[in-house]
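Chemist: Structure file data_25.txt (compact mmCIF, C-alpha atoms) right here:
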# COMPACT_ATOMS: atom_id res chain seq x y z
CA MET A 288 24.40 6.67 25.19
CA ALA A 289 24.47 9.26 22.40
CA GLU A 290 22.23 12.29 22.63
CA LEU A 291 19.36 12.64 20.18
CA THR A 292 20.23 14.80 17.18
CA GLY A 293 16.69 15.15 15.82
CA PRO A 294 13.16 14.54 16.95
CA PRO A 295 12.70 11.36 18.99
CA GLY A 296 11.44 8.17 17.36
CA ALA A 297 10.07 6.84 20.62
CA ARG A 298 9.42 7.90 24.19
CA THR A 299 9.43 5.50 27.11
CA VAL A 300 8.65 5.85 30.78
CA LEU A 301 10.02 3.34 33.26
CA GLN A 302 8.32 2.68 36.62
CA GLN A 303 9.56 0.15 39.11
CA CYS A 304 6.85 -1.74 40.90
CA LEU A 305 6.24 -4.30 43.63
CA GLN A 306 3.24 -5.65 41.72
CA ALA A 307 1.21 -4.56 38.70
CA ARG A 308 -1.98 -5.75 37.09
CA LEU A 309 -3.17 -4.64 33.63
CA GLN A 310 -6.55 -5.23 32.06
CA VAL A 311 -5.90 -6.32 28.48
CA LYS A 312 -9.52 -7.03 27.50
CA PRO A 313 -12.55 -5.31 29.00
CA PRO A 314 -15.55 -7.31 30.13
CA ASP A 315 -18.33 -7.79 27.64
CA GLN A 316 -21.57 -9.71 27.49
CA GLY A 317 -20.85 -13.23 28.63
CA SER A 318 -17.18 -12.81 29.54
CA GLN A 319 -15.18 -11.24 32.31
CA ALA A 320 -12.29 -8.85 31.88
CA GLN A 321 -8.89 -10.39 31.13
CA TRP A 322 -5.82 -9.30 33.08
CA VAL A 323 -2.07 -9.84 33.01
CA GLU A 324 -0.01 -9.48 36.17
CA ILE A 325 3.61 -9.16 37.25
CA GLN A 326 5.34 -9.20 40.60
CA ARG A 327 8.36 -7.08 41.54
CA GLY A 328 9.86 -5.59 38.45
CA LEU A 329 9.60 -2.89 35.84
CA ILE A 330 6.76 -1.30 33.90
CA ILE A 331 7.76 0.06 30.49
CA TYR A 332 5.32 2.51 28.90
CA VAL A 333 6.15 3.02 25.22
CA CYS A 334 5.02 5.43 22.49
CA PHE A 335 6.35 5.58 18.92
CA PHE A 336 6.48 8.80 16.89
CA LYS A 337 6.13 9.47 13.17
CA GLY A 338 9.29 8.48 11.36
CA ALA A 339 10.25 5.68 13.77
CA THR A 340 11.47 2.50 12.09
CA GLU A 341 12.40 -0.99 13.26
CA GLU A 342 16.07 0.07 13.44
CA ILE A 343 15.27 1.81 16.73
CA ILE A 344 14.10 -1.40 18.46
CA PRO A 345 17.47 -3.04 19.33
CA LYS A 346 18.77 0.16 20.95
CA MET A 347 15.56 0.60 22.93
CA VAL A 348 15.58 -2.98 24.20
CA HIS A 349 19.28 -2.93 25.13
CA THR A 350 19.00 0.41 26.93
CA LEU A 351 15.76 -0.28 28.80
CA LEU A 352 16.70 -3.76 29.99
CA ASN A 353 20.21 -2.74 31.06
CA VAL A 354 19.69 0.65 32.72
CA LYS A 355 20.46 0.42 36.45
CA LEU A 356 17.25 1.59 38.12
CA ASN A 357 16.27 -1.30 40.36
CA GLU A 358 17.39 -1.26 43.96
CA THR A 359 18.55 -4.48 45.60
CA GLU A 360 18.06 -5.24 49.30
CA GLY A 361 21.64 -4.03 49.82
CA GLY A 362 20.87 -0.62 48.29
CA LYS A 363 22.80 -1.21 45.06
CA TYR A 364 21.17 -0.28 41.75
CA VAL A 365 21.08 -2.96 39.05
CA SER A 366 19.33 -3.56 35.75
CA ILE A 367 16.06 -5.46 35.58
CA LEU A 368 18.02 -8.35 34.04
CA ASN A 369 20.40 -8.47 37.01
CA LEU A 370 17.71 -8.02 39.68
CA PRO A 371 16.09 -10.17 38.13
CA GLY A 372 12.52 -8.92 37.92
CA ASP A 373 9.33 -9.19 35.91
CA ILE A 374 8.49 -6.79 33.07
CA LEU A 375 5.16 -5.29 32.01
CA ILE A 376 5.13 -3.42 28.68
CA ILE A 377 2.25 -1.01 28.12
CA PRO A 378 1.59 0.86 24.87
CA GLN A 379 0.92 4.45 25.86
CA ALA A 380 0.00 6.77 22.99
CA THR A 381 -0.60 9.65 25.41
CA LEU A 382 3.18 9.94 25.90
CA GLY A 383 3.18 11.58 22.47
CA GLY A 384 0.84 14.37 23.46
CA LYS A 385 1.67 18.06 23.27
CA LEU A 386 -0.29 20.77 24.99
CA LYS A 387 -1.95 23.27 22.66
CA GLY A 388 -3.97 25.78 24.60
CA ARG A 389 -5.82 23.70 27.17
CA SER A 390 -6.06 20.55 25.03
CA MET A 391 -3.67 17.74 24.23
CA GLN A 392 -2.85 16.95 20.63
CA TYR A 393 -1.20 13.81 19.30
CA HIS A 394 -0.08 14.82 15.80
CA SER A 395 3.46 13.47 16.36
CA ASN A 396 2.31 9.90 17.08
CA ILE A 397 2.99 7.21 14.52
CA GLU A 398 0.23 5.76 12.36
CA LYS A 399 -1.63 3.02 14.25
CA ASP A 400 -0.70 0.10 11.94
CA ILE A 401 3.01 1.00 11.88
CA GLY A 402 2.98 1.58 15.64
CA LEU A 403 1.41 -1.84 16.19
CA ASP A 404 4.15 -3.47 14.11
CA LEU A 405 6.92 -1.66 16.03
CA TYR A 406 5.28 -2.46 19.37
CA THR A 407 5.00 -6.15 18.43
CA GLN A 408 8.68 -6.23 17.42
CA PHE A 409 9.68 -4.44 20.64
CA VAL A 410 7.79 -6.95 22.81
CA ALA A 411 9.21 -9.92 20.88
CA GLN A 412 12.79 -8.67 21.19
CA CYS A 413 12.35 -8.07 24.95
CA GLU A 414 11.01 -11.64 25.27
CA ARG A 415 14.06 -13.00 23.41
CA GLU A 416 16.45 -11.07 25.67
CA LEU A 417 14.76 -12.43 28.80
CA ALA A 418 14.77 -15.98 27.44
CA ALA A 419 18.50 -15.72 26.67
CA ASN A 420 19.35 -14.44 30.16
CA THR A 421 20.25 -17.34 32.46
CA LYS A 422 19.57 -15.38 35.66
CA CYS A 423 16.06 -14.42 34.48
CA PHE A 424 15.31 -17.93 33.23
CA GLU A 425 16.36 -19.52 36.54
CA ALA A 426 14.33 -16.99 38.54
CA GLY A 427 11.19 -17.59 36.46
CA VAL A 428 10.96 -13.98 35.32
CA VAL A 429 7.87 -13.21 33.25
CA LEU A 430 7.17 -10.58 30.63
CA ARG A 431 3.60 -9.47 30.13
CA HIS A 432 2.29 -6.80 27.79
CA GLY A 433 -0.76 -4.75 27.05
CA THR A 434 -2.93 -4.60 23.96
CA TYR A 435 -1.92 -1.98 21.41
CA GLY A 436 -4.60 0.55 20.57
CA ASN A 437 -6.90 -0.21 23.52
CA ARG A 438 -7.60 1.69 26.70
CA GLN A 439 -6.47 -0.45 29.61
CA VAL A 440 -6.98 -0.37 33.37
CA LEU A 441 -3.76 -0.47 35.39
CA LYS A 442 -3.30 -1.22 39.08
CA VAL A 443 0.19 -0.70 40.52
CA ASP A 444 1.81 -1.16 43.92
CA THR A 445 5.10 0.66 44.11
CA ASN A 446 7.64 1.45 46.76
CA GLY A 447 7.96 5.02 45.57
CA PRO A 448 7.41 7.20 42.54
CA PHE A 449 10.66 6.11 40.94
CA THR A 450 9.79 7.02 37.35
CA HIS A 451 12.14 7.83 34.48
CA MET A 452 11.60 9.00 30.90
CA ILE A 453 13.97 7.95 28.14
CA GLU A 454 13.68 9.06 24.50
CA PHE A 455 15.18 7.32 21.48
Please express what this file holds, its structure, as structure tokens.

Modeler:
Amino acid sequence: MAELTGPPGARTVLQQCLQARLQVKPPDQGSQAQWVEIQRGLIIYVCFFKGATEEIIPKMVHTLLNVKLNETEGGKYVSILNLPGDILIIPQATLGGKLKGRSMQYHSNIEKDIGLDLYTQFVAQCERELAANTKCFEAGVVLRHGTYGNRQVLKVDTNGPFTHMIEF
């Protein structure tokens, strides 16, 4: 993978999990909260920065779904596609924060409407990759995702703080 030559267009954090549950709609009058859930797999937190375009999406999807971070029972590390495991994608604008004094600022984050479009494309391309992967299809792998622009409650069971950041 080539090193970045300028400012990043996106920042991602990968977290393996045994189970994860994300609230995608808070409760309101007359309805309960709505949740999505995955079993053993990978959580992908994603933030897009100003200047990011849709050209970044294929590289992100290929890299994130093929990086060997998931440990098999035999101790070998494989990609989420080869595990196979579930995927939960969470938009995470706070990944774009920079500390200024004692406060966080988010001036580098992409405009909300453009970010939503890129996030939607990213999720759709990940779904297509999973659908095209025979091993994932046969194992019944699921991809779930959060709601862009909303605060969301996350509950995670993990077998260790095995977290990685990758910028694009």

Chemist: Hey, what's within 8 Å of Ala380 (chain A) if we count all atoms listed in the file and toss same-chain stuff fewer than 6 positions away? As number ranges by chain, please?

Modeler: A: 333-335, 396

Chemist: Generate a file of the selected residues that holds C-alpha atoms, formatted as a short mmCIF file (atom, residue, chain, number, x, y, z; two decimals), keeping the file's coordinate frame.

Modeler:
data_model
loop_
_atom_site.label_atom_id
_atom_site.label_comp_id
_atom_site.auth_asym_id
_atom_site.auth_seq_id
_atom_site.Cartn_x
_atom_site.Cartn_y
_atom_site.Cartn_z
CA VAL A 333 6.15 3.02 25.22
CA CYS A 334 5.02 5.43 22.49
CA PHE A 335 6.35 5.58 18.92
CA ASN A 396 2.31 9.90 17.08
#

Chemist: Using all atoms listed in the file, find the one residue out of A:Glu342, A:Asp400, A:Glu416, A:Glu324 that sits nearest to Val440 (chain A).

Modeler: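 Result for the nearest residue to Val440 (chain A): A:Glu324.
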
Chemist: Between A:Asn446, A:Asp315, A:Asn357, A:Leu430, which is the closest to Gln412 (chain A) once you count all atoms listed in the file?

Modeler: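 The closest residue to Gln412 (chain A) is A:Leu430.
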
Chemist: Return the single residue from A:Val354, A:Lys337, A:Thr434, A:Pro295 that is closest to Trp322 (chain A), with distances computed using all atoms listed in the file.

Modeler: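 When distances to Trp322 (chain A) are compared using all atoms listed in the file, the smallest one comes from A:Thr434.
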
Chemist: Just how far from CA of Ile344 (chain A) is CA of Phe424 (chain A), in Å to one decimal?

Modeler: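 Distance between the two atoms: 22.2 Å.
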
Chemist: Work out how far apart CA of Val348 (chain A) and CA of Cys413 (chain A) are and give it in Å to one decimal.

Modeler: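 Between CA of Val348 (chain A) and CA of Cys413 (chain A) the gap is 6.1 Å.
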
Chemist: Considering all atoms listed in the file, can you say which of A:Lys385, A:Arg415, A:His394, A:Arg431 comes closest to Leu329 (chain A)?

Modeler: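 Using all atoms listed in the file, the shortest distance to Leu329 (chain A) belongs to A:Arg431.
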
Chemist: From the list A:Asn353, A:Ser318, A:Asn420, A:Thr450, which residue is nearest Ile330 (chain A) when using all atoms listed in the file?

Modeler: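 Of the candidates, the smallest distance to Ile330 (chain A) is held by A:Thr450.
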
Chemist: For a quick check of understanding, using all atoms listed in the file, which of A:Glu398, A:Glu341, A:Asp373, A:Asp404 has the smallest distance to Lys422 (chain A)?

Modeler: A:Asp373

Chemist: Distance CA of Leu305 (chain A)-CA of Gly402 (chain A), one decimal place?

Modeler: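 For CA of Leu305 (chain A) relative to CA of Gly402 (chain A), the distance reads 28.8 Å.
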
Chemist: With a distance cut-off of 10 Å and all atoms listed in the file, select the neighbouring residues of Gly427 (chain A), excluding the residue or stretch itself and same-chain residues fewer than 4 positions from it, and output the selection as a list of chain:residue names.

Modeler: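 The residues that qualify are A:Pro371, A:Gly372, A:Asp373, A:Leu417, A:Ala418, A:Thr421, A:Lys422, A:Cys423.
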
Chemist: Excluding same-chain residues fewer than 6 positions from Phe455 (chain A), what lies within 7 Å of it counting all atoms listed in the file, as a list in words?

Modeler: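 Surrounding residues, per the criterion: Leu291, Pro295, Gly296, Ala297, Arg298 and Met347 of chain A.
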
Chemist: Please report, as JSON lines, each residue of region 339-406 of chain A lying at most 10 Å from region 307-314 of chain A, together with the nearest pair of atoms and the separation in Å rounded to one decimal; use all atoms listed in the file, and order rows by chain and ascending residue number.

Modeler:
{"residue": "A:Asp373", "atom": "CA", "partner": "A:Ala307", "partner_atom": "CA", "distance": 9.8}
{"residue": "A:Ile374", "atom": "CA", "partner": "A:Ala307", "partner_atom": "CA", "distance": 9.5}
{"residue": "A:Leu375", "atom": "CA", "partner": "A:Ala307", "partner_atom": "CA", "distance": 7.8}
{"residue": "A:Ile376", "atom": "CA", "partner": "A:Leu309", "partner_atom": "CA", "distance": 9.7}
{"residue": "A:Ile377", "atom": "CA", "partner": "A:Leu309", "partner_atom": "CA", "distance": 8.5}

Chemist: Starting from the sparse input, extend region 362-386 of chain A to N, CA, C and O atoms and give the output as a compact mmCIF listing (two decimals), in the coordinates of the input.

Modeler:
# COMPACT_ATOMS: atom_id res chain seq x y z
N GLY A 362 20.82 -2.02 48.66
CA GLY A 362 20.87 -0.62 48.29
C GLY A 362 21.61 -0.35 46.99
O GLY A 362 21.74 0.80 46.58
N LYS A 363 22.09 -1.37 46.33
CA LYS A 363 22.80 -1.21 45.06
C LYS A 363 21.78 -1.16 43.92
O LYS A 363 20.76 -1.85 43.97
N TYR A 364 22.06 -0.36 42.90
CA TYR A 364 21.17 -0.28 41.75
C TYR A 364 21.68 -1.19 40.64
O TYR A 364 22.85 -1.16 40.28
N VAL A 365 20.76 -2.00 40.11
CA VAL A 365 21.08 -2.96 39.05
C VAL A 365 20.01 -2.89 37.97
O VAL A 365 18.94 -2.33 38.17
N SER A 366 20.31 -3.50 36.84
CA SER A 366 19.33 -3.56 35.75
C SER A 366 18.24 -4.57 36.10
O SER A 366 18.41 -5.41 36.98
N ILE A 367 17.15 -4.51 35.37
CA ILE A 367 16.06 -5.46 35.58
C ILE A 367 16.53 -6.88 35.28
O ILE A 367 16.07 -7.84 35.90
N LEU A 368 17.47 -7.03 34.35
CA LEU A 368 18.02 -8.35 34.04
C LEU A 368 18.86 -8.91 35.18
O LEU A 368 18.89 -10.11 35.41
N ASN A 369 19.54 -8.03 35.90
CA ASN A 369 20.40 -8.47 37.01
C ASN A 369 19.67 -8.54 38.34
O ASN A 369 20.19 -9.09 39.30
N LEU A 370 18.46 -7.97 38.42
CA LEU A 370 17.71 -8.02 39.68
C LEU A 370 17.43 -9.47 40.08
O LEU A 370 17.72 -9.82 41.21
N PRO A 371 16.93 -10.36 39.32
CA PRO A 371 16.09 -10.17 38.13
C PRO A 371 14.65 -9.88 38.54
O PRO A 371 14.22 -10.24 39.63
N GLY A 372 13.90 -9.25 37.63
CA GLY A 372 12.52 -8.92 37.92
C GLY A 372 11.62 -9.05 36.71
O GLY A 372 12.10 -9.13 35.57
N ASP A 373 10.33 -9.09 36.97
CA ASP A 373 9.33 -9.19 35.91
C ASP A 373 9.24 -7.88 35.13
O ASP A 373 9.65 -6.82 35.61
N ILE A 374 8.66 -7.97 33.93
CA ILE A 374 8.49 -6.79 33.07
C ILE A 374 7.06 -6.75 32.55
O ILE A 374 6.51 -7.76 32.12
N LEU A 375 6.48 -5.55 32.59
CA LEU A 375 5.16 -5.29 32.01
C LEU A 375 5.33 -4.16 31.01
O LEU A 375 5.78 -3.07 31.37
N ILE A 376 5.01 -4.43 29.74
CA ILE A 376 5.13 -3.42 28.68
C ILE A 376 3.72 -2.93 28.34
O ILE A 376 2.83 -3.73 28.06
N ILE A 377 3.56 -1.61 28.36
CA ILE A 377 2.25 -1.01 28.12
C ILE A 377 2.36 0.01 26.99
O ILE A 377 3.11 0.99 27.12
N PRO A 378 1.62 -0.18 25.90
CA PRO A 378 1.59 0.86 24.87
C PRO A 378 0.88 2.08 25.43
O PRO A 378 -0.16 1.96 26.06
N GLN A 379 1.47 3.26 25.22
CA GLN A 379 0.92 4.45 25.86
C GLN A 379 1.00 5.63 24.89
O GLN A 379 1.92 6.44 24.93
N ALA A 380 0.02 5.72 24.00
CA ALA A 380 0.00 6.77 22.99
C ALA A 380 0.00 8.17 23.60
O ALA A 380 0.49 9.12 22.99
N THR A 381 -0.53 8.32 24.80
CA THR A 381 -0.60 9.65 25.41
C THR A 381 0.78 10.23 25.72
O THR A 381 0.90 11.44 25.91
N LEU A 382 1.82 9.41 25.72
CA LEU A 382 3.18 9.94 25.90
C LEU A 382 3.58 10.84 24.75
O LEU A 382 4.53 11.61 24.85
N GLY A 383 2.87 10.75 23.63
CA GLY A 383 3.18 11.58 22.47
C GLY A 383 2.40 12.88 22.42
O GLY A 383 2.50 13.63 21.46
N GLY A 384 1.67 13.17 23.45
CA GLY A 384 0.84 14.37 23.46
C GLY A 384 1.62 15.65 23.69
O GLY A 384 2.63 15.67 24.37
N LYS A 385 1.12 16.71 23.06
CA LYS A 385 1.67 18.06 23.27
C LYS A 385 0.50 18.98 23.60
O LYS A 385 -0.57 18.90 22.99
N LEU A 386 0.74 19.84 24.57
CA LEU A 386 -0.29 20.77 24.99
C LEU A 386 -0.44 21.91 23.99
O LEU A 386 0.55 22.54 23.61
